[in-house]
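Reproduced below: query_5.json, with JSON, C-alpha atoms and all ligand atoms.
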[["chain", "number", "residue", "atom", "x", "y", "z"],
["A", 1429, "MET", "CA", 17.02, 8.93, 0.13],
["A", 1430, "LEU", "CA", 15.10, 5.72, 0.81],
["A", 1431, "ASN", "CA", 11.71, 5.44, -0.92],
["A", 1432, "ILE", "CA", 9.92, 2.14, -0.40],
["A", 1433, "VAL", "CA", 6.71, 0.85, -1.93],
["A", 1434, "LEU", "CA", 5.20, -1.76, 0.37],
["A", 1435, "PHE", "CA", 3.17, -3.96, -1.92],
["A", 1436, "GLY", "CA", 0.66, -6.72, -1.25],
["A", 1437, "PRO", "CA", -2.98, -7.74, -1.23],
["A", 1438, "PRO", "CA", -5.50, -6.41, 1.32],
["A", 1439, "GLY", "CA", -4.76, -8.03, 4.67],
["A", 1440, "SER", "CA", -1.12, -8.76, 3.89],
["A", 1441, "GLY", "CA", 0.06, -6.54, 6.77],
["A", 1442, "LYS", "CA", 1.15, -3.46, 4.81],
["A", 1443, "GLY", "CA", -0.21, -1.00, 7.38],
["A", 1444, "THR", "CA", 1.38, -2.70, 10.39],
["A", 1445, "GLN", "CA", 4.73, -3.21, 8.70],
["A", 1446, "SER", "CA", 4.79, 0.30, 7.20],
["A", 1447, "ILE", "CA", 4.58, 1.87, 10.64],
["A", 1448, "GLN", "CA", 7.49, -0.23, 11.87],
["A", 1449, "LEU", "CA", 9.57, 0.54, 8.77],
["A", 1450, "ARG", "CA", 8.70, 4.24, 9.14],
["A", 1451, "ASP", "CA", 10.05, 4.20, 12.70],
["A", 1452, "ARG", "CA", 13.16, 2.14, 11.92],
["A", 1453, "TYR", "CA", 14.28, 4.19, 8.90],
["A", 1454, "GLY", "CA", 12.79, 7.64, 9.64],
["A", 1455, "LEU", "CA", 10.39, 7.65, 6.70],
["A", 1456, "ILE", "CA", 7.15, 9.53, 6.02],
["A", 1457, "HIS", "CA", 4.31, 6.99, 5.84],
["A", 1458, "LEU", "CA", 1.81, 7.68, 3.05],
["A", 1459, "SER", "CA", -1.25, 5.40, 3.01],
["A", 1460, "THR", "CA", -3.92, 6.32, 0.48],
["A", 1461, "GLY", "CA", -6.45, 4.20, 2.41],
["A", 1462, "ASP", "CA", -5.75, 6.21, 5.60],
["A", 1463, "ILE", "CA", -5.95, 9.53, 3.73],
["A", 1464, "LEU", "CA", -9.28, 8.49, 2.17],
["A", 1465, "ARG", "CA", -10.64, 7.43, 5.57],
["A", 1466, "SER", "CA", -9.65, 10.80, 7.05],
["A", 1467, "GLU", "CA", -11.53, 12.52, 4.19],
["A", 1468, "ILE", "CA", -14.57, 10.36, 5.04],
["A", 1469, "ALA", "CA", -14.27, 11.25, 8.74],
["A", 1470, "ALA", "CA", -14.06, 14.95, 7.84],
["A", 1471, "GLY", "CA", -17.20, 14.57, 5.69],
["A", 1472, "THR", "CA", -15.64, 16.13, 2.57],
["A", 1473, "ASP", "CA", -17.24, 15.67, -0.87],
["A", 1474, "LEU", "CA", -14.24, 13.64, -1.96],
["A", 1475, "GLY", "CA", -14.60, 11.42, 1.12],
["A", 1476, "LEU", "CA", -18.28, 10.85, 0.54],
["A", 1477, "ARG", "CA", -17.75, 9.89, -3.09],
["A", 1478, "ALA", "CA", -14.83, 7.61, -2.20],
["A", 1479, "MET", "CA", -16.81, 5.92, 0.58],
["A", 1480, "GLN", "CA", -19.39, 4.59, -1.86],
["A", 1481, "LEU", "CA", -16.65, 2.80, -3.81],
["A", 1482, "MET", "CA", -14.65, 1.68, -0.77],
["A", 1483, "ASP", "CA", -17.77, 0.13, 0.76],
["A", 1484, "LYS", "CA", -18.16, -2.00, -2.36],
["A", 1485, "GLY", "CA", -14.53, -3.08, -2.25],
["A", 1486, "VAL", "CA", -13.57, -1.41, -5.54],
["A", 1487, "LEU", "CA", -10.77, 1.05, -6.23],
["A", 1488, "VAL", "CA", -11.40, 4.80, -6.28],
["A", 1489, "PRO", "CA", -10.40, 6.62, -9.51],
["A", 1490, "ASP", "CA", -6.70, 7.11, -10.22],
["A", 1491, "GLU", "CA", -7.02, 10.94, -10.42],
["A", 1492, "VAL", "CA", -8.32, 11.07, -6.85],
["A", 1493, "VAL", "CA", -5.47, 9.14, -5.22],
["A", 1494, "VAL", "CA", -2.80, 10.63, -7.47],
["A", 1495, "GLY", "CA", -3.96, 14.13, -6.49],
["A", 1496, "MET", "CA", -3.77, 13.22, -2.80],
["A", 1497, "ILE", "CA", -0.27, 11.76, -3.10],
["A", 1498, "GLY", "CA", 0.92, 14.77, -5.11],
["A", 1499, "SER", "CA", -0.13, 17.14, -2.31],
["A", 1500, "LYS", "CA", 1.49, 14.98, 0.36],
["A", 1501, "LEU", "CA", 4.78, 14.90, -1.56],
["A", 1502, "ASP", "CA", 4.69, 18.71, -1.81],
["A", 1503, "GLU", "CA", 3.88, 19.07, 1.90],
["A", 1504, "ASN", "CA", 6.82, 16.83, 2.82],
["A", 1505, "ASN", "CA", 9.46, 18.13, 0.43],
["A", 1506, "LYS", "CA", 12.15, 18.02, 3.13],
["A", 1507, "ALA", "CA", 11.52, 14.36, 3.99],
["A", 1508, "GLY", "CA", 14.38, 11.90, 4.21],
["A", 1509, "GLY", "CA", 12.29, 9.24, 2.48],
["A", 1510, "PHE", "CA", 8.83, 7.81, 2.03],
["A", 1511, "ILE", "CA", 7.04, 4.55, 2.56],
["A", 1512, "PHE", "CA", 4.09, 4.15, 0.20],
["A", 1513, "ASP", "CA", 1.39, 1.85, 1.58],
["A", 1514, "GLY", "CA", -1.53, 0.84, -0.65],
["A", 1515, "PHE", "CA", -0.26, 3.08, -3.44],
["A", 1516, "PRO", "CA", 0.27, 2.66, -6.35],
["A", 1517, "ARG", "CA", -2.50, 0.15, -7.12],
["A", 1518, "THR", "CA", -2.73, 0.48, -10.92],
["A", 1519, "ILE", "CA", -0.20, 0.86, -13.72],
["A", 1520, "ALA", "CA", -1.46, 4.44, -14.33],
["A", 1521, "GLN", "CA", -0.80, 5.29, -10.66],
["A", 1522, "ALA", "CA", 2.69, 3.77, -10.82],
["A", 1523, "GLU", "CA", 3.55, 5.74, -13.95],
["A", 1524, "THR", "CA", 2.31, 8.98, -12.41],
["A", 1525, "LEU", "CA", 4.20, 8.27, -9.19],
["A", 1526, "ASP", "CA", 7.43, 7.82, -11.16],
["A", 1527, "GLU", "CA", 6.78, 11.18, -12.88],
["A", 1528, "LEU", "CA", 5.93, 12.98, -9.63],
["A", 1529, "LEU", "CA", 9.09, 11.68, -7.98],
["A", 1530, "GLU", "CA", 11.20, 12.51, -10.99],
["A", 1531, "ASP", "CA", 9.95, 16.12, -10.82],
["A", 1532, "ASN", "CA", 11.51, 16.19, -7.33],
["A", 1533, "ASN", "CA", 14.69, 14.44, -8.52],
["A", 1534, "ILE", "CA", 13.94, 11.31, -6.51],
["A", 1535, "SER", "CA", 12.83, 7.78, -7.38],
["A", 1536, "ILE", "CA", 11.50, 4.56, -5.88],
["A", 1537, "THR", "CA", 14.39, 2.72, -4.25],
["A", 1538, "MET", "CA", 12.69, -0.65, -3.82],
["A", 1539, "VAL", "CA", 9.36, -2.45, -3.87],
["A", 1540, "LEU", "CA", 8.80, -5.00, -1.13],
["A", 1541, "ALA", "CA", 5.97, -7.38, -1.99],
["A", 1542, "LEU", "CA", 4.35, -9.33, 0.83],
["A", 1543, "ASP", "CA", 3.15, -12.82, -0.18],
["A", 1544, "VAL", "CA", 0.21, -14.19, 1.82],
["A", 1545, "GLU", "CA", -2.18, -17.03, 0.95],
["A", 1546, "GLU", "CA", -5.71, -15.93, 0.05],
["A", 1547, "GLU", "CA", -7.57, -17.80, 2.80],
["A", 1548, "GLU", "CA", -5.21, -16.28, 5.38],
["A", 1549, "LEU", "CA", -6.02, -12.79, 4.00],
["A", 1550, "VAL", "CA", -9.77, -13.36, 4.39],
["A", 1551, "LYS", "CA", -9.28, -14.72, 7.91],
["A", 1552, "ARG", "CA", -7.11, -11.75, 8.97],
["A", 1553, "LEU", "CA", -9.49, -9.14, 7.51],
["A", 1554, "LEU", "CA", -12.62, -10.68, 9.08],
["A", 1555, "HIS", "CA", -10.76, -10.76, 12.38],
["A", 1556, "ARG", "CA", -9.70, -7.10, 12.02],
["A", 1557, "GLY", "CA", -13.29, -6.19, 11.09],
["A", 1558, "LYS", "CA", -14.49, -7.21, 14.53],
["A", 1559, "ASP", "CA", -12.97, -4.11, 16.11],
["A", 1560, "SER", "CA", -11.42, -1.92, 13.39],
["A", 1561, "GLY", "CA", -14.68, -0.09, 12.66],
["A", 1562, "ARG", "CA", -13.94, -0.56, 8.94],
["A", 1563, "SER", "CA", -17.12, -1.51, 7.10],
["A", 1564, "ASP", "CA", -15.11, -3.04, 4.22],
["A", 1565, "ASP", "CA", -13.56, -5.56, 6.69],
["A", 1566, "LYS", "CA", -16.86, -6.91, 7.98],
["A", 1567, "ASN", "CA", -18.35, -8.65, 4.97],
["A", 1568, "GLU", "CA", -16.67, -11.63, 3.29],
["A", 1569, "MET", "CA", -18.11, -10.78, -0.14],
["A", 1570, "ILE", "CA", -16.61, -7.27, -0.01],
["A", 1571, "ILE", "CA", -13.28, -8.67, 1.19],
["A", 1572, "ARG", "CA", -13.22, -11.15, -1.73],
["A", 1573, "ASN", "CA", -14.04, -8.28, -4.08],
["A", 1574, "ARG", "CA", -11.08, -6.27, -2.77],
["A", 1575, "ILE", "CA", -8.84, -9.29, -3.38],
["A", 1576, "LYS", "CA", -10.30, -9.64, -6.90],
["A", 1577, "GLU", "CA", -9.56, -5.94, -7.61],
["A", 1578, "TYR", "CA", -6.03, -6.58, -6.40],
["A", 1579, "HIS", "CA", -5.58, -9.53, -8.80],
["A", 1580, "ASN", "CA", -7.09, -7.68, -11.76],
["A", 1581, "LYS", "CA", -5.68, -4.19, -11.39],
["A", 1582, "THR", "CA", -2.75, -4.27, -8.98],
["A", 1583, "THR", "CA", -0.76, -7.46, -9.71],
["A", 1584, "PRO", "CA", 0.36, -6.14, -13.16],
["A", 1585, "LEU", "CA", 2.56, -3.77, -11.13],
["A", 1586, "LEU", "CA", 4.73, -6.72, -10.10],
["A", 1587, "ASN", "CA", 5.90, -6.98, -13.68],
["A", 1588, "TYR", "CA", 6.24, -3.18, -13.95],
["A", 1589, "TYR", "CA", 8.64, -3.04, -11.00],
["A", 1590, "GLN", "CA", 10.36, -6.30, -11.92],
["A", 1591, "LYS", "CA", 11.32, -4.70, -15.24],
["A", 1592, "GLN", "CA", 12.82, -1.78, -13.28],
["A", 1593, "ASN", "CA", 14.76, -4.32, -11.19],
["A", 1594, "LYS", "CA", 13.21, -3.00, -7.99],
["A", 1595, "LEU", "CA", 11.03, -5.90, -6.87],
["A", 1596, "SER", "CA", 11.74, -8.09, -3.83],
["A", 1597, "ASN", "CA", 9.30, -10.74, -2.62],
["A", 1598, "VAL", "CA", 8.95, -11.31, 1.10],
["A", 1599, "LYS", "CA", 7.06, -14.12, 2.82],
["A", 1600, "GLY", "CA", 4.17, -12.40, 4.64],
["A", 1601, "MET", "CA", 3.00, -15.44, 6.64],
["A", 1602, "GLY", "CA", 3.97, -16.02, 10.28],
["A", 1603, "ASN", "CA", 4.37, -13.58, 13.12],
["A", 1604, "ILE", "CA", 4.71, -9.80, 12.77],
["A", 1605, "GLU", "CA", 8.26, -9.61, 14.18],
["A", 1606, "ASP", "CA", 9.58, -12.30, 11.81],
["A", 1607, "ILE", "CA", 8.00, -10.59, 8.79],
["A", 1608, "PHE", "CA", 9.46, -7.24, 9.89],
["A", 1609, "GLU", "CA", 12.91, -8.82, 10.15],
["A", 1610, "ARG", "CA", 12.60, -10.27, 6.63],
["A", 1611, "LEU", "CA", 11.65, -6.81, 5.31],
["A", 1612, "CYS", "CA", 14.54, -5.13, 7.14],
["A", 1613, "ASN", "CA", 16.97, -7.70, 5.73],
["A", 1614, "LYS", "CA", 15.95, -6.61, 2.22],
["A", 1615, "VAL", "CA", 16.29, -2.90, 3.13],
["A", 1616, "GLU", "CA", 19.71, -3.41, 4.74],
["A", 1617, "VAL", "CA", 21.12, -4.76, 1.50],
["A", 1618, "ILE", "CA", 20.37, -1.35, -0.04],
["A", 1619, "VAL", "CA", 21.11, 1.08, 2.81],
["A", 1620, "ARG", "CA", 24.21, -0.62, 4.18],
["B", 1, "LIG", "P1", -6.64, 0.15, 2.14],
["B", 1, "LIG", "O1", -6.78, 0.89, 3.44],
["B", 1, "LIG", "O2", -5.31, 0.34, 1.49],
["B", 1, "LIG", "O3", -7.03, -1.31, 2.27],
["B", 1, "LIG", "O4", -7.71, 0.79, 1.15],
["B", 1, "LIG", "C1", -9.09, 0.77, 1.42],
["B", 1, "LIG", "C2", -9.86, 1.16, 0.15],
["B", 1, "LIG", "O5", -9.49, 2.49, -0.22],
["B", 1, "LIG", "C3", -9.59, 0.30, -1.08],
["B", 1, "LIG", "O6", -10.40, -0.86, -1.11],
["B", 1, "LIG", "C4", -9.94, 1.27, -2.20],
["B", 1, "LIG", "O7", -11.34, 1.40, -2.36],
["B", 1, "LIG", "C5", -9.43, 2.60, -1.65],
["B", 1, "LIG", "N1", -8.02, 2.85, -2.02],
["B", 1, "LIG", "C6", -6.95, 2.95, -1.18],
["B", 1, "LIG", "N2", -5.82, 3.19, -1.86],
["B", 1, "LIG", "C7", -6.18, 3.23, -3.18],
["B", 1, "LIG", "C8", -5.45, 3.43, -4.39],
["B", 1, "LIG", "N3", -4.12, 3.62, -4.39],
["B", 1, "LIG", "N4", -6.16, 3.43, -5.55],
["B", 1, "LIG", "C9", -7.48, 3.27, -5.57],
["B", 1, "LIG", "N5", -8.23, 3.05, -4.47],
["B", 1, "LIG", "C10", -7.59, 3.04, -3.28]]
Represent the structure of the file as structure tokens.
Ligand code: AMP
Amino acid sequence: MLNIVLFGPPGSGKGTQSIQLRDRYGLIHLSTGDILRSEIAAGTDLGLRAMQLMDKGVLVPDEVVVGMIGSKLDENNKAGGFIFDGFPRTIAQAETLDELLEDNNISITMVLALDVEEEELVKRLLHRGKDSGRSDDKNEMIIRNRIKEYHNKTTPLLNYYQKQNKLSNVKGMGNIEDIFERLCNKVEVIVR
């Protein structure tokens, strides 16, 4: 079973690349950002509470996203593998993910971390904000806050996965096809 965590700051291309990796390797794509946005669209209490935090560019509480991922893992218990996009984002989330997977006798195979320069991230997100309909992509201050949250709360995971010998860094600059090829090259080493 192939279970990939696609790691990187906001705007590093995780969503785009996850969909391509999903299709290439037959994985279930789990994006906590997408699940939260579907809760917002459905007008649930959880969605409304999450929206207030997402609109400020800060993370929603660990219990909320962990609960969502737990249900998705249960719903997809026959899956051939998963690609986690935007999750985990804190050490507590990573530890719980390891436990949830272990309960199902599976584990993270590899963590692919996309490296993109900060000014490029801001440029990409502002560009996406023009037609994505995402309010958190429209305002530079909120975008910078999301990047700050990433540095403070999410980058410690690099060390967490490095210690497990699962981390691979991938250059996330350049065109989408070239980045996808770099990611696939890392996956092929494992699945070959
Ligand atoms: P994304 O679509 O991954 O850029 O996420 C958009 C927003 O959803 C983030 O800025 C957070 O507010 C929230 N979010 C998504 N995934 C997580 C997560 N794993 N932990 C906490 N908050 C999250």
Which residues of chain A sit at most 7 Å from ligand LIG 1 (chain B), using all atoms listed in the file? Give each one's shortest atom pair and distance in Å (one decimal place), in chain and ascending residue order, as a tab-separated table.
residue	atom	partner	partner_atom	distance
A:Pro1438	CA	B:LIG1	O3	5.4
A:Ser1459	CA	B:LIG1	O2	6.7
A:Thr1460	CA	B:LIG1	N2	4.3
A:Gly1461	CA	B:LIG1	O1	3.5
A:Asp1462	CA	B:LIG1	O1	5.8
A:Leu1464	CA	B:LIG1	O5	6.5
A:Leu1481	CA	B:LIG1	O7	5.7
A:Met1482	CA	B:LIG1	O7	3.7
A:Gly1485	CA	B:LIG1	O6	4.8
A:Val1486	CA	B:LIG1	O7	4.8
A:Leu1487	CA	B:LIG1	N5	3.7
A:Val1488	CA	B:LIG1	N5	4.0
A:Pro1489	CA	B:LIG1	C9	5.9
A:Asp1490	CA	B:LIG1	N4	6.0
A:Val1493	CA	B:LIG1	N3	5.7
A:Asp1513	CA	B:LIG1	O2	6.9
A:Gly1514	CA	B:LIG1	O2	4.4
A:Phe1515	CA	B:LIG1	N3	4.0
A:Pro1516	CA	B:LIG1	N3	4.9
A:Arg1517	CA	B:LIG1	N3	4.7
A:Arg1574	CA	B:LIG1	O6	5.7
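Every protein or nucleic acid residue with an atom no more than 9 Å from Gly1498 in chain A, counting all atoms listed in the file and leaving out same-chain residues fewer than 4 positions away, appears here: Val1493, Val1494, Asp1502, Glu1503, Leu1525 and Leu1528 of chain A.
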Selection file, C-alpha atoms, as a CSV table (one decimal), in the frame of the given file:
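Saved as part-v1.csv:
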chain,number,residue,atom,x,y,z
A,1493,VAL,CA,-5.5,9.1,-5.2
A,1494,VAL,CA,-2.8,10.6,-7.5
A,1502,ASP,CA,4.7,18.7,-1.8
A,1503,GLU,CA,3.9,19.1,1.9
A,1525,LEU,CA,4.2,8.3,-9.2
A,1528,LEU,CA,5.9,13.0,-9.6
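Using all atoms listed in the file, the shortest contact distance between Ala1522 in chain A and any of A:Ile1534, A:Leu1586, A:Leu1549, A:Ile1607 is found at A:Leu1586.
Interatomic distance, CA of Thr1518 in chain A against CA of Asn1603 in chain A: 28.7 Å.
For the residues A:Met1601, A:Leu1585, A:Ile1497, A:Met1429, ranking by smallest atom-to-atom distance to Asn1533 in chain A using all atoms listed in the file places A:Met1429 first.
Of the listed residues A:Arg1610, A:Asp1483, A:Asn1597, A:Phe1512, the one whose atoms come nearest to Asn1567 in chain A is A:Asp1483, with distances taken using all atoms listed in the file.
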Item to check | Polymer residues at most 12 Å from (5.5, 11.2, 2.9) by all atoms listed in the file, as an MDAnalysis selection string | outcome: chainID A and resid 1430:1433 1446 1450 1454:1460 1463 1496:1513 1515 1529
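With distances taken over all atoms listed in the file, A:Arg1572 is the one residue among A:Asn1580, A:Leu1476, A:Arg1572, A:Ala1520 lying closest to Glu1546 in chain A.
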Checklist entry - Pick the closest to Phe1608 in chain A from A:Asp1559, A:Asp1531, A:Glu1467, A:Asp1451: which is it, counting all atoms listed in the file? => result A:Asp1451
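Reported to one decimal place, the separation of CA of Met1538 in chain A from CA of Gly1600 in chain A is 16.8 Å.
Using all atoms listed in the file for every distance, the candidate list A:Ser1560, A:Gln1445, A:Val1550, A:Lys1594 yields A:Lys1594 as the residue closest to Ile1536 in chain A.
By chain and then residue number, the residues within 9 Å of Arg1452 in chain A are Ile1447, Gln1448 and Cys1612 of chain A, counting only C-alpha atoms and disregarding those fewer than 4 positions away in sequence.
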